[in-house]
Amino acid sequence: MSQRHDLGPTAQIPPGEGRNFDVAGRRVAVFRTRDGRVFATQAACPHRGGPLADGLVGDGVVVCPLHEWRFDLASGETLNGTCPLEVYDLTVDPVGNLTLELP
Amino acid sequence: MNTQTQTMAHNGRQTQSQKQRLVVIGNGMAGARTVEEILARGGGDQFDITMFGEEPYGNYNRILLSNVVNGSQDASEIFLNSLPWYEENGIRLHAGVRATKVERIARLVYGRSASGIEIVEPYDKLILATGSRPFIPPIKNVRGADGQLRPGVFGFRTLDDCHAIMAAAAQSKRAVVIGGGLLGLEAARGLLTHGCEVHLIHLSALLMNQQLDREAAGILRTAIERMGIVPHLGVSTAEIRVAPGDGQSAGLADAGDAGRVTGVVLKDDSIIDCDMVVISTGIQANSSLALESGLTVERGIVVDNHMRSVDDFSVYVVGECAQHRGVTYGLVAPLWDQAKVLADHITERNPNAIYTGSKLATKLKVMGIELASMGAPDPAHETDEVVVFSEPKRGRYKKLVIRNGRLVGAIMLGDLDKVAYLTQAFDKNSPLPEERLSLLFDVGTPAKKVTLDEMPADAQICNCNGVSKAAIGSCVAAGKRTPKLVMEGTRAGMGCGSCKALVSELVAWFCGGQAEEDPSVHYYVPTIPLAKKELSEAIVARGLRSVSSVFAALADGKEDATSKPALASLLSVVWKGGQIEERDARFINDRVHGNIQKDGTFSVVPEMAGGICTASELRRIADVAERYQVPLIKLTGGQRIDLVGVRKEDLPAVWRDLRMPAGYAWGKSYRTCKSCIGVDYCRFGLGDSMALAVKVEQRFRGIESPGKLKLATAGCPRNCSEALVKDVGAVAVEGGKWEIYVGGAAGSHVRKGDLLCTVDSHDEVLRLSGRFIEYYRQNAKYKERSYTFVERIGIERIRAIIVEDSDKLAAALDAAIEQSSADALRDPWQEGDHPVTPNQFRSSLPVGGG
């Protein structure tokens with residue numbers, strides 16, 4: 001029973017960065033890469049709860065700002081940690097609005 | 001070719017494939033290792049491989065033979081490849097078959113088994129790995145009538161030798177070992193464990209005279225005497241004494257029989273009674289097969305740089321039977337180097353692979369003595385530098401021979417703490433740090449450091465990320481064979497970084513000294529293959545002013561997250577304000593101008609030059625702390641006040657209400673300048689340190705640098721402001737002068753700064769400090785702190801450039817720091833009122849629609 005949420009325009013997120021959205025009582029990190037792709041993941045790093053939206057992004061990877069755990073944004077898999085991220089479906093419509101699908 | 005086809009049929013094998021036939025003669029460490037290297041390069045698809053092995057076993061680790069003799073390992077434990085390995089890899093092994101002839105025109109190898117069966121193998125490519133045998137000096141009676149070593153006399157070379165020596169030692173009361181080299185000492189130590197009295201005869205007056213100098217050899221002599229070995233040095237053996245009777249008949253070795261060994265006679269006619277003799281006087285290449293087939297043989301089979309016979313390019317040679325550039329090797333490391341080159345070349349993986357010779361490093365493995373040697377034990381040129389520490393009473397001796405700043409020889413006896421590092425420096429010919437003392441000892445760390453061997457598997461190596469020795473080991477075992485890959489894979493060394501050297505040593509240790517170097521360690525960022533200087537030049541030449549344009553132009557558009565801040569930092573140094581700022585390239589601290597805390601809040605440190613503030617500033621700080629419910633107010637180590645735990649969305653208002661400029665307590669940049677009370681009030685003060693600190697702050701505030709810069713000024717040499725352990729420190733001394741120290745540290749690493757120069761005024765301090773800082777900005781690696789940088793470049797070189805202007809850079813450096821200083825005048829906290837990215841200071845966004 002998934003639920004769709006309209007997050008508004010992509011332009012709320014600067015290119016190459018992430019921002020958190022509070023959606024239905026849940027915090028979700030949304031990333032926008034410089035090449036125009038968007039991703040949504042759980043907001044807190046599974047390691048020590050670091051704010052992933054504040055992390056560096058490049059080549060489809062986010063690096064947590066606290067202890068540099070690295071995650072693949074598309075799959076959520078960790079590249080050097082021990083625990084993966086939850087990832088969510090996120091789509092952009094032709095005028096640039098984001099739609100998030102939460103399970 | 002007809003003959004070959006027939007021979008194959010005769011041999012009962014039909015080759016359907018297009019594969020070439022590769023025959024390897026010799027199944028020792030060289031032959032087997034080479035085949036492994038070939039298989040690792042996909043050679044299993046190129047070649048049908050056949051091996052001849054004279055011994056009826058699989059392949060074993062000859063280095064560990066001494067462990068079998070001394071009983072610490074069972075013979076079964078030292079096999080490298082057991083017989084099933086050959087089958088699994090599709091290799092036909094003729095075990096126990098001796099190759100008797102090579103017909104090079106017909107390309108055939110003939111062999112004969114112990115039971116006399118003849119075997120013929122055709123080849124397209126042949127590898128000779130026939131190894132070597134003990135060199136047996138011409139000693140009277142050493143051989144029996146059959147030309148073989150007399151019963152009771154042993155070589156020390158093969159597993160069979162080992163078994164025979166052990167069996168004899170169990171019956172023996174007194175044994176003599178001839179040869180005081182590495183292997184002879186190991187044999188002597190092994191015999192001791194079997195309970196016999198052991199005498200060691202050595203031709204040279206120095207034990208291990210190939211590897212040791214006089215002093216080290218003397219210490220080693222004392223050490224083996226303490227173990228119970230009786231050395232006879234500087235003497236040679238004339239004769240083996242045998243029981244009277246038919247001294248020429250061999251094969252009758254029963255106790256009391258004629259011909260039994262009863263002692264050895266030295267050249268000076270003295271006699272040592274004994275009942276067994278082990279000879280370990282070096283090796284001789286097994287080259288008769290090659291010689292008879294018409295290949296050039298000198299001390300070994302002569303090869304070119306691709307490890308091919310100089311006479312026949314279908315014949316390769318590897319290991320102790322090969323002679324390359326006039327040198328034959330009797331150690332294992334060169335063999336590994338050779339095997340790699342051979343495999344690269346024969347599989348055509350790299351047809352240009354060449355072997356350029358090996359550097360020799362050895363370790364004495366026998367228990368109770370720690371000894372490592374590399375290269376030449378004595379200086380060869382007048383300009384060679386020798387660094388020695390000698391403490392014979394405790395059996396410790398350390399010696400380095402340094403040529404042009406690089407290690408060409410070393411002896412380490414009794415303490416192997418620095419050996420891993422030195423071996424790497426020796427192998428890679430890398431420049432040594434100026435501080436020679438640190439090459440011999442770990443200066444400033446606890447005196448007793450366990451060796452890597454002794455270190456327990458669960459020892460925590462990285463104290464920041466909790467990574468154990470075992471975790472590093474399993475990462476290496478998973479194929480990550482460079483320090484960088486291991487650090488990325490385990491996060492070891494990714495915290496404060498102080499364990500990086502140890503992690504590198506452990507990676508080398510787990511790789512058995514065969515750690516691979518990752519070329520990207522020389523790059524400024526790992527994904528762009530350019531060092532900092534070349535990268536800076538490319539950035540200027542191509543007019544790249546933003547991080548994204550650098551990736552687009554130099555990395556095929558492929559971003560790398562952690563490279564982004566490094567590139568942003570470099571752009572600020574290169575363009576001095578003319579760069580295009582892309583905020584996503586910045587670490588979060590530099591996006592919101594605060595230091596992120598573990599709960600995602602930030603710390604706010606306003607500027608407080610020289611640690612001085614006014615009452616009204618203090619009042620505003622207190623008001624802000626109350627108004628925004630700041631959970632913690634803390635004095636920093638840099639003499640400022642830290643408001644800790646400010647929420648991201650409160651940052652703009654906090655800054656606005658403070659009405660103080662940013663203190664830059666978050667980034668890789670100039671941070672602060674500590675000072676003492678100086679001359680106005682202190683009864684010891686010699687110079688105005690407070691005023692100087694304020695000028696330093698005004699001059700360098702906000703300037704980005706490869707690592708953070710923490711400065712201090714001290715009004716007298718008592719150094720209350722700790723200026724000697726700062727990146728740059730100025731200390732007032734009598735006579736109105738200031739000493740400038742650079743490269744100090746007192747964090748994860750502790751180092752006293754080096755004195756750069758002594759100057760006469762505040763202005764001179766600012767000018768020379770600025771010049772040093774700019775030189776550091778332009779030349780240091782990203783995150784390389786000044787203490788590493790100064791050691792890497794060397795203080796003499798830095799002094800020449802900065803003070804004496806040897807490279808005519810001073811004017812350009814001064815101009816560059818001036819311009820950067822002007823650019824940094826803009827206070828980043830003004831972004832509170834004028835954000836530069838959407839939602840720059842929001843922790844989260846509410847969701848508008850359904």
# chains A, B, ... in the order shown; residues from 1 in each chain; ligands from 1
call {"tool": "select_by_dssp", "arguments": {"residues": "chain A", "states": "strand (DSSP E or B)", "output": "PyMOL selection string"}}
result
chain A and resi 3-9+18-23+26-32+38-42+44+51+56-58+61-63+70-72+78+87-92+97-102
call {"tool": "closest_atom_pairs", "arguments": {"of": "chain B", "to": "chain A", "cutoff": "7 Å", "atoms": "only C-alpha atoms", "output": "JSON lines"}}
result
{"residue": "B:Glu488", "atom": "CA", "partner": "A:Asn80", "partner_atom": "CA", "distance": 6.6}
{"residue": "B:Gly489", "atom": "CA", "partner": "A:Asn80", "partner_atom": "CA", "distance": 5.3}
{"residue": "B:Thr490", "atom": "CA", "partner": "A:Asn80", "partner_atom": "CA", "distance": 6.5}
{"residue": "B:Lys558", "atom": "CA", "partner": "A:Asp59", "partner_atom": "CA", "distance": 6.4}
{"residue": "B:Glu559", "atom": "CA", "partner": "A:Gly58", "partner_atom": "CA", "distance": 5.0}
{"residue": "B:Asp560", "atom": "CA", "partner": "A:Gly58", "partner_atom": "CA", "distance": 4.9}
{"residue": "B:Ala561", "atom": "CA", "partner": "A:Gly58", "partner_atom": "CA", "distance": 4.1}
{"residue": "B:Thr562", "atom": "CA", "partner": "A:Leu56", "partner_atom": "CA", "distance": 6.9}
{"residue": "B:Asp584", "atom": "CA", "partner": "A:Gly16", "partner_atom": "CA", "distance": 5.2}
{"residue": "B:Phe587", "atom": "CA", "partner": "A:Leu56", "partner_atom": "CA", "distance": 6.5}
{"residue": "B:Ile588", "atom": "CA", "partner": "A:Asp54", "partner_atom": "CA", "distance": 5.7}
{"residue": "B:Lys598", "atom": "CA", "partner": "A:Leu66", "partner_atom": "CA", "distance": 6.8}
{"residue": "B:Asp599", "atom": "CA", "partner": "A:Gly50", "partner_atom": "CA", "distance": 6.9}
{"residue": "B:Gly600", "atom": "CA", "partner": "A:Pro51", "partner_atom": "CA", "distance": 6.1}
{"residue": "B:Thr837", "atom": "CA", "partner": "A:Pro14", "partner_atom": "CA", "distance": 6.1}
{"residue": "B:Pro838", "atom": "CA", "partner": "A:Gln12", "partner_atom": "CA", "distance": 5.7}
{"residue": "B:Asn839", "atom": "CA", "partner": "A:Gln12", "partner_atom": "CA", "distance": 6.8}
{"residue": "B:Ser843", "atom": "CA", "partner": "A:Asn20", "partner_atom": "CA", "distance": 6.6}
{"residue": "B:Ser844", "atom": "CA", "partner": "A:Asn20", "partner_atom": "CA", "distance": 4.4}
{"residue": "B:Leu845", "atom": "CA", "partner": "A:Phe21", "partner_atom": "CA", "distance": 4.6}
{"residue": "B:Pro846", "atom": "CA", "partner": "A:Asp22", "partner_atom": "CA", "distance": 5.2}
{"residue": "B:Val847", "atom": "CA", "partner": "A:Leu7", "partner_atom": "CA", "distance": 5.5}
{"residue": "B:Gly848", "atom": "CA", "partner": "A:Leu7", "partner_atom": "CA", "distance": 6.6}
{"residue": "B:Gly849", "atom": "CA", "partner": "A:Asp6", "partner_atom": "CA", "distance": 5.4}
{"residue": "B:Gly850", "atom": "CA", "partner": "A:His5", "partner_atom": "CA", "distance": 5.4}
call {"tool": "select_by_dssp", "arguments": {"residues": "segment 143-311 of chain B", "states": "alpha helix (DSSP H)", "output": "JSON, numbers by chain"}}
result
{"B": [159, 160, 161, 162, 163, 164, 165, 166, 167, 168, 169, 170, 171, 182, 183, 184, 185, 186, 187, 188, 189, 190, 191, 192, 214, 215, 216, 217, 218, 219, 220, 221, 222, 223, 224, 225, 226, 227, 288, 289, 290, 291, 292]}
call {"tool": "write_last_selection", "arguments": {"atoms": "C-alpha atoms", "output": "PDB file, in the first residue's frame"}}
result
ATOM      1  CA  LEU B 159      63.012 -31.360   1.757  1.00  0.00           C
ATOM      2  CA  ASP B 160      64.858 -34.664   1.424  1.00  0.00           C
ATOM      3  CA  ASP B 161      67.990 -33.006   2.862  1.00  0.00           C
ATOM      4  CA  CYS B 162      65.837 -31.795   5.727  1.00  0.00           C
ATOM      5  CA  HIS B 163      64.442 -35.227   6.508  1.00  0.00           C
ATOM      6  CA  ALA B 164      67.919 -36.735   6.363  1.00  0.00           C
ATOM      7  CA  ILE B 165      69.417 -34.034   8.618  1.00  0.00           C
ATOM      8  CA  MET B 166      66.668 -34.469  11.188  1.00  0.00           C
ATOM      9  CA  ALA B 167      67.067 -38.229  11.236  1.00  0.00           C
ATOM     10  CA  ALA B 168      70.822 -37.932  11.678  1.00  0.00           C
ATOM     11  CA  ALA B 169      70.578 -35.155  14.287  1.00  0.00           C
ATOM     12  CA  ALA B 170      68.423 -37.353  16.483  1.00  0.00           C
ATOM     13  CA  GLN B 171      71.341 -39.816  16.706  1.00  0.00           C
ATOM     14  CA  LEU B 182      72.017 -17.014   6.437  1.00  0.00           C
ATOM     15  CA  LEU B 183      71.180 -20.635   5.708  1.00  0.00           C
ATOM     16  CA  GLY B 184      74.104 -22.049   7.699  1.00  0.00           C
ATOM     17  CA  LEU B 185      73.023 -20.136  10.788  1.00  0.00           C
ATOM     18  CA  GLU B 186      69.489 -21.365  10.378  1.00  0.00           C
ATOM     19  CA  ALA B 187      70.738 -24.927  10.013  1.00  0.00           C
ATOM     20  CA  ALA B 188      72.904 -24.560  13.134  1.00  0.00           C
ATOM     21  CA  ARG B 189      69.995 -23.208  15.149  1.00  0.00           C
ATOM     22  CA  GLY B 190      67.817 -26.059  13.897  1.00  0.00           C
ATOM     23  CA  LEU B 191      70.350 -28.682  14.938  1.00  0.00           C
ATOM     24  CA  LEU B 192      70.492 -27.240  18.460  1.00  0.00           C
ATOM     25  CA  ARG B 214      82.190  -6.018  11.414  1.00  0.00           C
ATOM     26  CA  GLU B 215      80.285  -4.633  14.349  1.00  0.00           C
ATOM     27  CA  ALA B 216      76.966  -6.304  13.528  1.00  0.00           C
ATOM     28  CA  ALA B 217      78.733  -9.583  12.823  1.00  0.00           C
ATOM     29  CA  GLY B 218      80.365  -9.354  16.259  1.00  0.00           C
ATOM     30  CA  ILE B 219      77.040  -8.824  17.984  1.00  0.00           C
ATOM     31  CA  LEU B 220      75.539 -11.699  16.054  1.00  0.00           C
ATOM     32  CA  ARG B 221      78.455 -13.903  17.085  1.00  0.00           C
ATOM     33  CA  THR B 222      77.798 -13.158  20.744  1.00  0.00           C
ATOM     34  CA  ALA B 223      74.133 -13.913  20.247  1.00  0.00           C
ATOM     35  CA  ILE B 224      74.726 -17.343  18.713  1.00  0.00           C
ATOM     36  CA  GLU B 225      77.325 -18.168  21.361  1.00  0.00           C
ATOM     37  CA  ARG B 226      74.706 -17.454  24.001  1.00  0.00           C
ATOM     38  CA  MET B 227      72.420 -19.894  22.255  1.00  0.00           C
ATOM     39  CA  SER B 288      73.963 -28.431 -17.115  1.00  0.00           C
ATOM     40  CA  LEU B 289      70.737 -29.101 -19.026  1.00  0.00           C
ATOM     41  CA  ALA B 290      70.956 -25.638 -20.573  1.00  0.00           C
ATOM     42  CA  LEU B 291      74.666 -25.944 -21.241  1.00  0.00           C
ATOM     43  CA  GLU B 292      74.216 -29.258 -23.030  1.00  0.00           C
TER      44      GLU B 292
END
call {"tool": "atom_distance", "arguments": {"atom1": "atom CA of Ser820 of chain B", "atom2": "atom CA of Arg767 of chain B"}}
result
13.8 Å
call {"tool": "residues_around", "arguments": {"residues": "segment 785-797 of chain B", "least_positions_apart": "6", "cutoff": "12 Å", "atoms": "only C-alpha atoms", "output": "JSON, numbers by chain"}}
result
{"B": [405, 430, 431, 432, 433, 434, 435, 436, 438, 496, 497, 498, 668, 669, 670, 705, 706, 707, 708, 709, 710, 711, 724, 725, 726, 727, 728, 729, 741, 742, 743, 744, 745, 746, 747, 748, 749, 750, 751, 752, 753, 754, 755, 756, 757, 772, 773, 774, 775, 776, 777, 778, 779, 803, 804, 805, 806, 807]}
call {"tool": "closest_residue", "arguments": {"among": "A:Gly36, A:Asp93, A:Leu85, A:Leu102", "to": "Leu73 of chain A", "atoms": "only C-alpha atoms"}}
result
A:Leu85
call {"tool": "residues_around", "arguments": {"residues": "Glu649 of chain B", "least_positions_apart": "5", "cutoff": "9 Å", "atoms": "only C-alpha atoms", "output": "mmCIF file with C-alpha atoms, in the first residue's frame"}}
result
data_model
loop_
_atom_site.group_PDB
_atom_site.id
_atom_site.type_symbol
_atom_site.label_atom_id
_atom_site.label_comp_id
_atom_site.auth_asym_id
_atom_site.auth_seq_id
_atom_site.Cartn_x
_atom_site.Cartn_y
_atom_site.Cartn_z
ATOM 1 C CA GLN B 840 20.754 26.941 2.353
ATOM 2 C CA PHE B 841 19.968 27.102 6.074
ATOM 3 C CA ARG B 842 16.992 24.765 6.375
ATOM 4 C CA SER B 843 17.248 21.417 8.133
#
call {"tool": "residues_around", "arguments": {"residues": "segment 455-466 of chain B", "least_positions_apart": "3", "cutoff": "8 Å", "atoms": "only C-alpha atoms", "output": "number ranges by chain"}}
result
B: 450-452, 469-470, 491-496, 499, 502-503
call {"tool": "decode", "arguments": {"residues": "segment 48-79 of chain A", "atoms": "C-alpha atoms", "output": "PDB file, in the first residue's frame"}}
result
ATOM      1  CA  ARG A  48      25.489   7.197  13.802  1.00  0.00           C
ATOM      2  CA  GLY A  49      22.516   9.065  12.427  1.00  0.00           C
ATOM      3  CA  GLY A  50      24.439  11.645  10.422  1.00  0.00           C
ATOM      4  CA  PRO A  51      22.424  13.975   8.132  1.00  0.00           C
ATOM      5  CA  LEU A  52      22.977  12.437   4.696  1.00  0.00           C
ATOM      6  CA  ALA A  53      21.369  15.410   2.942  1.00  0.00           C
ATOM      7  CA  ASP A  54      24.373  17.453   4.091  1.00  0.00           C
ATOM      8  CA  GLY A  55      26.758  14.968   2.468  1.00  0.00           C
ATOM      9  CA  LEU A  56      28.911  15.318  -0.618  1.00  0.00           C
ATOM     10  CA  VAL A  57      27.399  13.813  -3.767  1.00  0.00           C
ATOM     11  CA  GLY A  58      29.187  12.606  -6.876  1.00  0.00           C
ATOM     12  CA  ASP A  59      28.929   9.806  -9.412  1.00  0.00           C
ATOM     13  CA  GLY A  60      25.704   8.514  -7.848  1.00  0.00           C
ATOM     14  CA  VAL A  61      27.262   8.222  -4.394  1.00  0.00           C
ATOM     15  CA  VAL A  62      26.593  10.156  -1.186  1.00  0.00           C
ATOM     16  CA  VAL A  63      29.208  10.462   1.550  1.00  0.00           C
ATOM     17  CA  CYS A  64      27.922  10.974   5.093  1.00  0.00           C
ATOM     18  CA  PRO A  65      29.412  14.166   6.572  1.00  0.00           C
ATOM     19  CA  LEU A  66      30.096  12.637   9.980  1.00  0.00           C
ATOM     20  CA  HIS A  67      32.266   9.549   9.363  1.00  0.00           C
ATOM     21  CA  GLU A  68      32.417   9.220   5.586  1.00  0.00           C
ATOM     22  CA  TRP A  69      30.255   6.158   5.142  1.00  0.00           C
ATOM     23  CA  ARG A  70      29.496   5.975   1.444  1.00  0.00           C
ATOM     24  CA  PHE A  71      26.262   4.815  -0.157  1.00  0.00           C
ATOM     25  CA  ASP A  72      25.091   4.168  -3.680  1.00  0.00           C
ATOM     26  CA  LEU A  73      22.113   6.500  -4.096  1.00  0.00           C
ATOM     27  CA  ALA A  74      20.227   4.274  -6.532  1.00  0.00           C
ATOM     28  CA  SER A  75      20.484   0.983  -4.660  1.00  0.00           C
ATOM     29  CA  GLY A  76      21.199   2.195  -1.118  1.00  0.00           C
ATOM     30  CA  GLU A  77      24.084  -0.217  -0.861  1.00  0.00           C
ATOM     31  CA  THR A  78      26.952   0.798   1.356  1.00  0.00           C
ATOM     32  CA  LEU A  79      30.400   0.975  -0.198  1.00  0.00           C
TER      33      LEU A  79
END
